[in-house]
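Source file query16.cif; content: mmCIF, C-alpha atoms and all ligand atoms.
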```cif
data_input
loop_
_atom_site.label_atom_id
_atom_site.label_comp_id
_atom_site.auth_asym_id
_atom_site.auth_seq_id
_atom_site.Cartn_x
_atom_site.Cartn_y
_atom_site.Cartn_z
CA MET A 387 -18.10 11.41 0.59
CA LYS A 388 -17.27 8.89 -2.13
CA PRO A 389 -13.91 9.36 -3.89
CA THR A 390 -13.76 10.03 -7.63
CA ILE A 391 -12.12 7.42 -9.85
CA LEU A 392 -11.04 7.92 -13.45
CA ALA A 393 -11.23 4.81 -15.67
CA TYR A 394 -9.01 5.39 -18.73
CA LYS A 395 -9.53 1.90 -20.13
CA THR A 396 -12.82 0.15 -20.94
CA LEU A 397 -13.70 -2.12 -18.02
CA PRO A 398 -16.02 -5.15 -17.88
CA ASP A 399 -19.55 -4.20 -16.73
CA ASP A 400 -19.33 -6.02 -13.40
CA VAL A 401 -15.99 -4.38 -12.58
CA LEU A 402 -17.40 -0.95 -13.42
CA ALA A 403 -20.43 -1.72 -11.22
CA TYR A 404 -18.09 -2.70 -8.37
CA LEU A 405 -16.21 0.60 -8.71
CA ARG A 406 -19.50 2.53 -8.75
CA GLU A 407 -20.46 0.96 -5.41
CA HIS A 408 -17.37 2.58 -3.90
CA ALA A 409 -16.77 5.73 -5.93
CA GLU A 410 -18.01 8.26 -8.46
CA VAL A 411 -16.58 6.96 -11.73
CA LEU A 412 -15.46 9.17 -14.61
CA THR A 413 -14.80 7.38 -17.88
CA LEU A 414 -12.87 8.47 -20.93
CA ASP A 415 -13.77 7.02 -24.30
CA ALA A 416 -11.03 5.04 -26.03
CA GLY A 417 -10.08 7.98 -28.28
CA ALA A 418 -9.69 10.51 -25.44
CA ALA A 419 -7.85 7.99 -23.28
CA ARG A 420 -5.09 7.89 -25.93
CA LEU A 421 -4.56 11.68 -25.76
CA PRO A 422 -2.06 12.70 -23.06
CA ASP A 423 -3.67 16.18 -22.70
CA ALA A 424 -7.19 14.75 -22.20
CA LEU A 425 -5.84 12.27 -19.70
CA ALA A 426 -3.89 14.98 -17.84
CA ALA A 427 -7.05 17.15 -17.62
CA ALA A 428 -9.07 14.21 -16.29
CA PHE A 429 -6.43 13.36 -13.64
CA LYS A 430 -7.08 16.81 -12.10
CA GLU A 431 -10.65 15.76 -11.23
CA ALA A 432 -9.78 12.35 -9.74
CA ASP A 433 -8.66 10.84 -6.43
CA GLY A 434 -7.62 7.63 -8.16
CA ALA A 435 -7.27 6.23 -11.68
CA ILE A 436 -7.35 2.80 -13.28
CA GLY A 437 -6.18 1.80 -16.76
CA SER A 438 -3.32 0.44 -18.83
CA SER A 439 -1.24 0.79 -21.99
CA MET A 440 -0.64 4.55 -21.64
CA LYS A 441 2.62 6.20 -20.67
CA ILE A 442 1.91 8.39 -17.64
CA THR A 443 4.56 11.11 -17.45
CA PRO A 444 5.28 13.48 -14.55
CA ALA A 445 4.05 16.38 -16.74
CA MET A 446 0.63 14.71 -17.03
CA LEU A 447 0.31 14.71 -13.24
CA GLU A 448 1.07 18.42 -12.74
CA GLY A 449 -1.94 19.99 -11.01
CA ALA A 450 -3.51 16.60 -10.15
CA ALA A 451 -3.61 17.67 -6.52
CA ARG A 452 -6.26 15.17 -5.40
CA LEU A 453 -4.68 12.12 -6.98
CA LYS A 454 -3.71 9.59 -4.29
CA ALA A 455 -3.59 6.26 -6.15
CA LEU A 456 -2.99 4.83 -9.63
CA SER A 457 -3.90 1.25 -10.46
CA THR A 458 -2.44 -0.33 -13.58
CA ILE A 459 -4.14 -3.34 -15.18
CA SER A 460 -0.80 -5.05 -15.77
CA VAL A 461 2.06 -6.52 -13.82
CA GLY A 462 4.66 -4.41 -15.66
CA PHE A 463 4.90 -0.78 -14.56
CA ASP A 464 7.46 0.62 -16.98
CA GLN A 465 4.83 3.14 -18.19
CA PHE A 466 5.23 5.05 -14.90
CA ASP A 467 7.99 7.13 -13.30
CA VAL A 468 7.77 5.36 -9.94
CA ASP A 469 10.18 7.72 -8.11
CA ASP A 470 8.12 10.71 -9.25
CA LEU A 471 4.88 9.06 -8.04
CA THR A 472 6.46 8.34 -4.66
CA ARG A 473 7.62 11.97 -4.33
CA ARG A 474 4.03 13.05 -5.02
CA GLY A 475 2.68 10.56 -2.44
CA ILE A 476 0.77 8.67 -5.15
CA VAL A 477 0.51 4.92 -4.54
CA LEU A 478 0.93 2.69 -7.60
CA ALA A 479 -0.72 -0.76 -7.58
CA HIS A 480 -0.32 -3.54 -10.19
CA THR A 481 -1.71 -7.03 -10.93
CA PRO A 482 0.92 -9.76 -10.39
CA ASP A 483 0.03 -13.48 -10.15
CA VAL A 484 -3.39 -13.42 -11.88
CA LEU A 485 -1.71 -13.28 -15.31
CA THR A 486 1.26 -15.55 -14.66
CA GLU A 487 -0.09 -18.80 -16.10
CA SER A 488 -1.69 -17.27 -19.22
CA THR A 489 1.50 -15.39 -20.03
CA ALA A 490 3.61 -18.53 -19.57
CA ASP A 491 1.21 -20.28 -21.98
CA THR A 492 1.88 -17.54 -24.53
CA VAL A 493 5.63 -17.93 -24.13
CA PHE A 494 5.31 -21.67 -24.69
CA ALA A 495 3.13 -21.08 -27.73
CA LEU A 496 5.93 -18.91 -29.14
CA ILE A 497 8.55 -21.57 -28.38
CA LEU A 498 6.56 -24.30 -30.14
CA ALA A 499 5.44 -22.10 -33.02
CA SER A 500 8.99 -20.89 -33.73
CA ALA A 501 10.65 -24.29 -33.40
CA ARG A 502 8.05 -26.19 -35.43
CA ARG A 503 7.40 -23.31 -37.87
CA VAL A 504 3.68 -23.50 -37.11
CA VAL A 505 2.64 -20.11 -38.53
CA GLU A 506 4.85 -20.30 -41.62
CA LEU A 507 3.70 -23.83 -42.53
CA ALA A 508 0.03 -23.12 -41.80
CA ASP A 509 0.29 -20.18 -44.24
CA TRP A 510 2.03 -22.52 -46.72
CA VAL A 511 -0.87 -24.99 -46.57
CA ARG A 512 -3.42 -22.17 -46.91
CA ALA A 513 -1.57 -20.91 -49.98
CA GLY A 514 -2.03 -24.30 -51.65
CA GLN A 515 1.69 -25.20 -51.47
CA TRP A 516 1.18 -28.67 -49.90
CA ARG A 517 1.30 -30.73 -53.04
CA GLU A 518 3.44 -33.70 -51.99
CA SER A 519 4.84 -35.27 -48.83
CA LEU A 520 7.13 -33.06 -46.76
CA GLY A 521 10.88 -32.84 -47.17
CA GLU A 522 13.81 -31.26 -45.29
CA ALA A 523 12.71 -27.82 -46.42
CA GLN A 524 9.73 -27.99 -44.09
CA PHE A 525 11.40 -29.59 -41.06
CA GLY A 526 11.54 -27.77 -37.78
CA VAL A 527 13.63 -28.45 -34.68
CA ASP A 528 12.73 -30.31 -31.47
CA VAL A 529 11.68 -28.56 -28.29
CA HIS A 530 11.61 -31.50 -25.86
CA GLY A 531 14.91 -32.42 -24.26
CA LYS A 532 16.57 -29.11 -25.22
CA THR A 533 18.05 -26.37 -23.01
CA LEU A 534 15.88 -23.40 -22.09
CA GLY A 535 17.56 -20.21 -20.85
CA ILE A 536 15.26 -17.88 -18.90
CA VAL A 537 16.50 -14.33 -18.45
CA GLY A 538 14.51 -13.25 -15.38
CA LEU A 539 13.10 -16.26 -13.56
CA GLY A 540 10.39 -14.70 -11.39
CA ARG A 541 6.65 -15.46 -11.36
CA ILE A 542 6.19 -15.94 -15.14
CA GLY A 543 9.68 -17.41 -15.57
CA GLY A 544 8.83 -19.94 -12.85
CA ALA A 545 5.62 -21.00 -14.60
CA LEU A 546 7.64 -21.34 -17.81
CA ALA A 547 10.32 -23.42 -16.06
CA ARG A 548 7.59 -25.76 -14.76
CA ARG A 549 6.18 -26.30 -18.26
CA ALA A 550 9.66 -26.82 -19.70
CA ALA A 551 11.09 -29.16 -17.04
CA LEU A 552 8.02 -31.21 -16.15
CA GLY A 553 6.19 -31.19 -19.48
CA PHE A 554 8.99 -31.17 -22.05
CA GLY A 555 11.97 -32.69 -20.20
CA MET A 556 14.05 -29.57 -20.84
CA ARG A 557 17.16 -28.43 -18.94
CA VAL A 558 16.54 -24.99 -17.43
CA ARG A 559 19.23 -22.31 -17.03
CA TYR A 560 18.45 -18.82 -15.73
CA THR A 561 19.88 -15.42 -14.79
CA ASN A 562 18.54 -13.33 -11.91
CA ARG A 563 20.27 -10.90 -9.61
CA SER A 564 19.32 -13.22 -6.73
CA PRO A 565 18.78 -17.00 -6.78
CA ASN A 566 15.31 -18.52 -7.17
CA GLU A 567 15.78 -21.46 -4.85
CA ALA A 568 12.21 -22.75 -5.25
CA ALA A 569 12.71 -23.13 -9.03
CA GLU A 570 16.12 -24.71 -8.49
CA ARG A 571 14.59 -27.33 -6.18
CA ALA A 572 11.39 -27.98 -8.14
CA PHE A 573 12.62 -27.79 -11.74
CA GLY A 574 16.40 -28.32 -11.50
CA ALA A 575 16.89 -24.76 -12.77
CA LYS A 576 20.55 -23.70 -12.66
CA ARG A 577 21.57 -20.07 -12.16
CA VAL A 578 24.37 -19.06 -14.52
CA ALA A 579 25.95 -15.85 -15.85
CA LEU A 580 24.24 -14.33 -18.90
CA GLY A 581 27.18 -15.26 -21.16
CA GLU A 582 26.93 -18.93 -20.18
CA LEU A 583 23.14 -18.94 -20.61
CA LEU A 584 23.44 -17.46 -24.11
CA ALA A 585 26.15 -19.92 -25.15
CA GLU A 586 24.34 -23.02 -23.85
CA SER A 587 20.64 -22.42 -24.55
CA ASP A 588 18.62 -23.66 -27.51
CA PHE A 589 15.85 -21.23 -26.52
CA VAL A 590 16.54 -17.91 -24.80
CA CYS A 591 13.39 -16.44 -23.20
CA LEU A 592 13.32 -12.93 -21.79
CA GLN A 593 11.01 -12.39 -18.82
CA VAL A 594 12.66 -9.46 -17.03
CA PRO A 595 10.86 -6.20 -16.27
CA LEU A 596 11.92 -3.25 -18.44
CA THR A 597 14.22 -1.04 -16.33
CA PRO A 598 17.24 1.14 -17.16
CA GLU A 599 19.45 -1.96 -16.53
CA THR A 600 17.45 -4.29 -18.78
CA ARG A 601 16.94 -1.88 -21.71
CA HIS A 602 18.71 -3.44 -24.72
CA LEU A 603 19.98 -6.27 -22.51
CA ILE A 604 20.12 -8.33 -25.71
CA GLY A 605 22.04 -6.55 -28.47
CA THR A 606 24.53 -7.43 -31.20
CA ALA A 607 27.15 -8.96 -28.87
CA GLU A 608 24.59 -11.08 -26.97
CA LEU A 609 23.01 -12.34 -30.19
CA LYS A 610 26.47 -13.31 -31.46
CA ALA A 611 27.06 -15.20 -28.21
CA MET A 612 24.00 -17.41 -28.89
CA LYS A 613 24.18 -20.68 -30.86
CA ARG A 614 23.45 -20.30 -34.58
CA SER A 615 20.71 -22.90 -34.03
CA ALA A 616 19.14 -20.95 -31.12
CA ILE A 617 15.75 -19.24 -30.98
CA LEU A 618 15.09 -15.97 -29.12
CA ILE A 619 11.71 -15.53 -27.43
CA ASN A 620 10.65 -12.15 -26.08
CA ALA A 621 7.40 -11.71 -24.15
CA SER A 622 8.77 -9.18 -21.64
CA ARG A 623 8.89 -5.67 -23.14
CA GLY A 624 10.10 -4.81 -26.64
CA ALA A 625 12.94 -2.58 -25.48
CA THR A 626 14.75 -5.35 -23.56
CA VAL A 627 16.00 -6.34 -27.03
CA ASP A 628 17.78 -4.02 -29.47
CA GLU A 629 15.33 -4.63 -32.33
CA ALA A 630 17.65 -3.32 -35.07
CA ALA A 631 20.36 -5.74 -33.89
CA LEU A 632 17.83 -8.59 -33.82
CA ILE A 633 16.71 -7.86 -37.38
CA GLU A 634 20.33 -7.97 -38.52
CA ALA A 635 20.99 -11.21 -36.62
CA LEU A 636 17.94 -12.89 -38.15
CA ARG A 637 18.94 -11.71 -41.64
CA ASP A 638 22.55 -12.89 -41.26
CA GLY A 639 21.69 -16.27 -39.75
CA THR A 640 23.41 -15.35 -36.46
CA ILE A 641 20.45 -17.09 -34.76
CA LEU A 642 17.83 -19.41 -36.23
CA ALA A 643 14.55 -17.68 -35.42
CA ALA A 644 12.60 -15.43 -33.06
CA GLY A 645 9.21 -15.57 -31.37
CA LEU A 646 8.08 -12.10 -30.35
CA ASP A 647 5.05 -10.87 -28.41
CA VAL A 648 6.44 -7.38 -27.76
CA PHE A 649 8.22 -4.74 -29.84
CA GLU A 650 10.07 -1.46 -29.40
CA ARG A 651 7.15 0.29 -31.11
CA GLU A 652 3.61 -1.03 -30.57
CA PRO A 653 1.49 -1.54 -32.57
CA LEU A 654 4.30 -2.96 -34.73
CA PRO A 655 4.44 -0.89 -37.95
CA ALA A 656 3.18 -2.90 -40.94
CA ASP A 657 6.45 -2.19 -42.80
CA SER A 658 8.66 -3.65 -40.06
CA PRO A 659 11.33 -5.91 -41.63
CA LEU A 660 10.41 -8.49 -38.98
CA LEU A 661 7.11 -9.11 -40.76
CA ALA A 662 8.87 -10.06 -43.98
CA MET A 663 10.92 -12.79 -42.29
CA LYS A 664 9.72 -16.38 -42.37
CA ASN A 665 11.75 -17.21 -39.27
CA VAL A 666 9.82 -14.71 -37.11
CA VAL A 667 6.58 -15.36 -35.27
CA ALA A 668 5.12 -11.96 -34.34
CA LEU A 669 2.16 -11.68 -31.97
CA PRO A 670 0.27 -8.48 -31.03
CA HIS A 671 1.25 -8.38 -27.32
CA ILE A 672 -1.19 -11.13 -26.31
CA GLY A 673 0.76 -12.37 -23.25
CA SER A 674 -2.18 -12.20 -20.81
CA ALA A 675 -4.94 -11.69 -23.38
CA THR A 676 -7.48 -14.38 -22.57
CA ARG A 677 -11.04 -13.60 -21.52
CA GLU A 678 -10.57 -15.12 -18.07
CA THR A 679 -7.23 -13.53 -17.31
CA ARG A 680 -8.05 -10.04 -18.61
CA HIS A 681 -11.21 -10.11 -16.50
CA ALA A 682 -9.27 -11.22 -13.41
CA MET A 683 -6.72 -8.45 -14.03
CA SER A 684 -9.43 -5.75 -14.27
CA ARG A 685 -11.07 -7.05 -11.11
CA CYS A 686 -7.76 -7.19 -9.25
CA ALA A 687 -6.84 -3.64 -10.35
CA ALA A 688 -10.27 -2.31 -9.31
CA GLU A 689 -9.98 -3.93 -5.87
CA ASN A 690 -6.46 -2.58 -5.52
CA LEU A 691 -7.68 0.94 -6.27
CA VAL A 692 -10.67 0.86 -3.92
CA ALA A 693 -8.48 -0.47 -1.11
CA ALA A 694 -5.74 2.08 -1.82
CA LEU A 695 -8.23 4.95 -1.58
CA ALA A 696 -9.66 3.47 1.63
CA GLY A 697 -6.15 3.22 3.07
CA THR A 698 -6.35 -0.56 3.44
CA LEU A 699 -4.30 -1.85 0.49
CA ALA A 700 -1.76 -4.36 1.81
CA ARG A 701 -0.55 -6.15 -1.36
CA ASN A 702 0.24 -5.51 -5.02
CA ILE A 703 1.88 -2.17 -4.15
CA VAL A 704 4.77 -1.10 -6.39
CA ASN A 705 5.92 1.81 -4.17
CA PRO A 706 5.09 1.17 -0.50
CA GLU A 707 7.27 4.22 0.32
CA ALA A 708 4.41 6.41 -0.95
CA LEU A 709 2.23 5.25 1.95
CA GLY A 710 4.40 7.02 4.50
CA PRO A 711 6.32 5.40 7.38
CA SER A 712 3.27 4.42 9.49
CA ARG A 713 1.65 2.19 6.82
CA ARG A 714 4.67 0.53 5.17
P1 LIG A 801 8.77 -10.91 -11.55
O1 LIG A 801 8.15 -12.00 -10.76
O2 LIG A 801 9.17 -9.64 -10.85
O3 LIG A 801 10.03 -11.52 -12.30
C1 LIG A 801 11.02 -10.75 -12.90
C2 LIG A 801 12.34 -11.48 -12.78
O4 LIG A 801 13.35 -10.72 -13.44
C3 LIG A 801 12.80 -11.67 -11.34
O5 LIG A 801 13.17 -13.01 -11.18
C4 LIG A 801 14.00 -10.77 -11.19
O6 LIG A 801 14.93 -11.38 -10.31
C5 LIG A 801 14.52 -10.68 -12.61
N1 LIG A 801 15.24 -9.42 -12.86
C6 LIG A 801 14.85 -8.17 -12.57
N2 LIG A 801 15.77 -7.28 -12.95
C7 LIG A 801 16.76 -8.00 -13.48
C8 LIG A 801 18.00 -7.64 -14.04
N3 LIG A 801 18.40 -6.35 -14.09
N4 LIG A 801 18.79 -8.64 -14.51
C9 LIG A 801 18.39 -9.93 -14.44
N5 LIG A 801 17.22 -10.32 -13.90
C10 LIG A 801 16.42 -9.35 -13.42
O7 LIG A 801 7.82 -10.44 -12.72
P2 LIG A 801 6.78 -11.32 -13.58
O8 LIG A 801 5.44 -11.24 -12.96
O9 LIG A 801 7.38 -12.64 -13.86
O10 LIG A 801 6.74 -10.43 -14.91
C11 LIG A 801 7.93 -10.18 -15.64
C12 LIG A 801 7.71 -9.18 -16.75
O11 LIG A 801 6.99 -9.81 -17.80
C13 LIG A 801 6.86 -7.97 -16.40
O12 LIG A 801 7.62 -6.95 -15.78
C14 LIG A 801 6.30 -7.53 -17.74
O13 LIG A 801 7.12 -6.54 -18.33
C15 LIG A 801 6.37 -8.79 -18.58
N6 LIG A 801 5.01 -9.26 -18.94
C16 LIG A 801 4.65 -9.28 -20.24
C17 LIG A 801 3.39 -9.72 -20.61
C18 LIG A 801 2.97 -9.75 -22.05
O14 LIG A 801 1.80 -9.51 -22.34
N7 LIG A 801 3.84 -10.09 -22.98
C19 LIG A 801 2.48 -10.14 -19.64
C20 LIG A 801 2.87 -10.13 -18.31
C21 LIG A 801 4.15 -9.67 -17.96
P3 LIG A 801 15.98 -10.50 -9.48
O15 LIG A 801 15.19 -9.41 -8.83
O16 LIG A 801 16.59 -11.48 -8.52
O17 LIG A 801 16.96 -9.99 -10.47
#
```

Please express the file's structure as structure tokens.
Amino acid sequence: MKPTILAYKTLPDDVLAYLREHAEVLTLDAGAARLPDALAAAFKEADGAIGSSMKITPAMLEGAARLKALSTISVGFDQFDVDDLTRRGIVLAHTPDVLTESTADTVFALILASARRVVELADWVRAGQWRESLGEAQFGVDVHGKTLGIVGLGRIGGALARRAALGFGMRVRYTNRSPNEAAERAFGAKRVALGELLAESDFVCLQVPLTPETRHLIGTAELKAMKRSAILINASRGATVDEAALIEALRDGTILAAGLDVFEREPLPADSPLLAMKNVVALPHIGSATRETRHAMSRCAAENLVAALAGTLARNIVNPEALGPSRR
């Protein structure tokens, strides 16, 4: 008998067709998929589920006795309580690698836009302010030849280091709990303590996963440790930065500017002080949001789920412990 899969995110037609070859597929419309109670009720009918952007709490899984696998269309899995899933024997799969390059492109877009004031000055032209040749008031700062500090040099951090070192002649510093020797060899990246990275870098880019250890990794003290001329870039998760402390630092001139793809509350409220600051570039969490990459992520997540339910999934598993000792 075919398993039943719940899709709680709209999927491309070909991906849905692929799932239907392997399973009965239940779908939730976008409105219902945002309601924890509707999602919890639907989990009870499913052997597996695929989706993204919803916090899945242990309470929502109570009574979901058939559920064997969850497949998130993302690399980050901070929306799940992984230990709880493992205790329930539910495998969690994610989509690393397929989004690495697009997300690194987004980070670089934020670096360039913040340093060269691209959004602010494009708005200035649109508002009819360009009436004579430019002066100091419109100058930005250079990116090439500067020092880039990457907090969390993994897959995306590595793609960022490649762009920075090979494309822009930048020095790369990074923090990780363990060394990334490949990036050290290929891009001259140097592993340093967080304090040294903050003090030396012209651009500080966060690319760590959100975990209890990385929540508010950058707060008042860390912002004060940065150069006054430095720019903070966050395309990891909003809560790795203490947003209230960042707002204060940007207001006080503790740092020069920020480029942000992620926020503590998403969608970012329209009255956020960040949106009133000229030295902030704010994007709506577009890290991986290109047609090609979002399609590849959906496809990867669907294949992960089908394989997990067939007992053949061998990669992209967040909690291999959930498979039991024989299949780890
Ligand atoms: P990854 O390959 O696992 O890289 C994460 C890096 O962070 C690793 O090098 C890891 O090294 C380091 N790290 C983990 N915990 C740390 C800690 N406590 N202190 C310092 N470093 C730590 O993951 P990835 O594929 O590059 O993705 C990274 C994150 O980017 C995701 O988790 C996701 O939240 C975010 N992301 C955002 C978007 C977006 O749309 N803006 C898109 C894709 C991904 P060690 O283990 O050695 O510490």

Counting only C-alpha atoms, the option among A:Leu485, A:Gly434, A:Phe589, A:Glu689 closest to A:Ala643 = A:Phe589

Counting only C-alpha atoms, the residue of A:Leu632, A:Ala513, A:Met612, A:Ala621 that sits nearest A:Pro670 =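 Between A:Leu632, A:Ala513, A:Met612, A:Ala621, the residue approaching A:Pro670 most closely is A:Ala621.
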
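Distances from A:Ser658, A:Ser684, A:Ser460, A:Asn702 to ligand LIG 801 (chain A) were compared using only C-alpha atoms and all ligand atoms, and the smallest one belongs to A:Ser460.
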
Polymer residues at most 8 Å from A:Asn665, only C-alpha atoms, same-chain spacing of 2 or more positions, as a list in words =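 Using only C-alpha atoms, the neighbours found are Ser500, Arg503, Glu506, Leu636, Leu642, Ala643, Ala644, Met663 and Val667 of chain A.
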
Pick the closest to A:Pro706 from A:Ala569, A:Ile476, A:Leu402, A:Ala545: which is it, counting only C-alpha atoms?
->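 The shortest atom-to-atom distance to A:Pro706 comes from A:Ile476.
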
Using atom CA of A:Arg701 and atom CA of A:Asp483 as the two end points, give the distance in Å to one decimal.
->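 That distance, rounded to one decimal, is 11.5 Å.
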
Which residues form the shell of 8 Å around ligand LIG 801 (chain A) when you count only C-alpha atoms and all ligand atoms, given as a ChimeraX atom specification?
-> /A:460-464,482-483,485-486,489,492,537-544,561-566,593-597,599-600,620-623,647-648,671-675

Dump as a PDB file, in the frame of the given file, selection limited to C-alpha atoms:
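As written to disk, again_37.pdb reads:
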```pdb
ATOM      1  CA  SER A 460      -0.800  -5.050 -15.770  1.00  0.00           C
ATOM      2  CA  VAL A 461       2.060  -6.520 -13.820  1.00  0.00           C
ATOM      3  CA  GLY A 462       4.660  -4.410 -15.660  1.00  0.00           C
ATOM      4  CA  PHE A 463       4.900  -0.780 -14.560  1.00  0.00           C
ATOM      5  CA  ASP A 464       7.460   0.620 -16.980  1.00  0.00           C
ATOM      6  CA  PRO A 482       0.920  -9.760 -10.390  1.00  0.00           C
ATOM      7  CA  ASP A 483       0.030 -13.480 -10.150  1.00  0.00           C
ATOM      8  CA  LEU A 485      -1.710 -13.280 -15.310  1.00  0.00           C
ATOM      9  CA  THR A 486       1.260 -15.550 -14.660  1.00  0.00           C
ATOM     10  CA  THR A 489       1.500 -15.390 -20.030  1.00  0.00           C
ATOM     11  CA  THR A 492       1.880 -17.540 -24.530  1.00  0.00           C
ATOM     12  CA  VAL A 537      16.500 -14.330 -18.450  1.00  0.00           C
ATOM     13  CA  GLY A 538      14.510 -13.250 -15.380  1.00  0.00           C
ATOM     14  CA  LEU A 539      13.100 -16.260 -13.560  1.00  0.00           C
ATOM     15  CA  GLY A 540      10.390 -14.700 -11.390  1.00  0.00           C
ATOM     16  CA  ARG A 541       6.650 -15.460 -11.360  1.00  0.00           C
ATOM     17  CA  ILE A 542       6.190 -15.940 -15.140  1.00  0.00           C
ATOM     18  CA  GLY A 543       9.680 -17.410 -15.570  1.00  0.00           C
ATOM     19  CA  GLY A 544       8.830 -19.940 -12.850  1.00  0.00           C
ATOM     20  CA  THR A 561      19.880 -15.420 -14.790  1.00  0.00           C
ATOM     21  CA  ASN A 562      18.540 -13.330 -11.910  1.00  0.00           C
ATOM     22  CA  ARG A 563      20.270 -10.900  -9.610  1.00  0.00           C
ATOM     23  CA  SER A 564      19.320 -13.220  -6.730  1.00  0.00           C
ATOM     24  CA  PRO A 565      18.780 -17.000  -6.780  1.00  0.00           C
ATOM     25  CA  ASN A 566      15.310 -18.520  -7.170  1.00  0.00           C
ATOM     26  CA  GLN A 593      11.010 -12.390 -18.820  1.00  0.00           C
ATOM     27  CA  VAL A 594      12.660  -9.460 -17.030  1.00  0.00           C
ATOM     28  CA  PRO A 595      10.860  -6.200 -16.270  1.00  0.00           C
ATOM     29  CA  LEU A 596      11.920  -3.250 -18.440  1.00  0.00           C
ATOM     30  CA  THR A 597      14.220  -1.040 -16.330  1.00  0.00           C
ATOM     31  CA  GLU A 599      19.450  -1.960 -16.530  1.00  0.00           C
ATOM     32  CA  THR A 600      17.450  -4.290 -18.780  1.00  0.00           C
ATOM     33  CA  ASN A 620      10.650 -12.150 -26.080  1.00  0.00           C
ATOM     34  CA  ALA A 621       7.400 -11.710 -24.150  1.00  0.00           C
ATOM     35  CA  SER A 622       8.770  -9.180 -21.640  1.00  0.00           C
ATOM     36  CA  ARG A 623       8.890  -5.670 -23.140  1.00  0.00           C
ATOM     37  CA  ASP A 647       5.050 -10.870 -28.410  1.00  0.00           C
ATOM     38  CA  VAL A 648       6.440  -7.380 -27.760  1.00  0.00           C
ATOM     39  CA  HIS A 671       1.250  -8.380 -27.320  1.00  0.00           C
ATOM     40  CA  ILE A 672      -1.190 -11.130 -26.310  1.00  0.00           C
ATOM     41  CA  GLY A 673       0.760 -12.370 -23.250  1.00  0.00           C
ATOM     42  CA  SER A 674      -2.180 -12.200 -20.810  1.00  0.00           C
ATOM     43  CA  ALA A 675      -4.940 -11.690 -23.380  1.00  0.00           C
TER      44      ALA A 675
END
```

Atomic separation - atom CA of A:His408 relative to atom CA of A:Thr481, Å | 19.7 Å

Work out how far apart atom CA of A:Val627 and atom CA of A:Leu592 are and give it in Å to one decimal.
-> 8.8 Å

Min atom-atom distance to A:Ser439 from the set A:Trp516, A:Tyr394, A:Tyr404, A:Trp510, counting all atoms listed in the file, belongs to A:Tyr394

Considering all atoms listed in the file, return as a VMD selection string whatever protein or nucleic-acid residues lie within 12 Å of A:Ala693, sequence-local ones (same chain, fewer than 5 positions apart) excluded.
-> chain A and resid 389 405 408 to 409 434 454 to 457 477 to 479 686 to 688 698 to 703

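Non-sequential neighbours of A:Ala547 (distance at most 10 Å, separation of 2 or more positions within a chain, all atoms listed in the file) are Ala490, Leu534, Gly535, Ile536, Leu539, Gly540, Arg541, Ile542, Gly543, Gly544, Ala545, Arg549, Ala550, Ala551, Leu552, Gly553, Phe554, Met556, Arg557, Val558, Arg559, Tyr560, Ala569, Glu570, Ala572, Phe573, Gly574 and Ala575 of chain A.
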
Please provide as a list in words all residues within 10 Å of A:Asp470, with the sequence filter that same-chain residues fewer than 5 positions apart are discarded (counting all atoms listed in the file).
-> Thr443, Pro444, Leu447, Gly475 and Ile476 of chain A
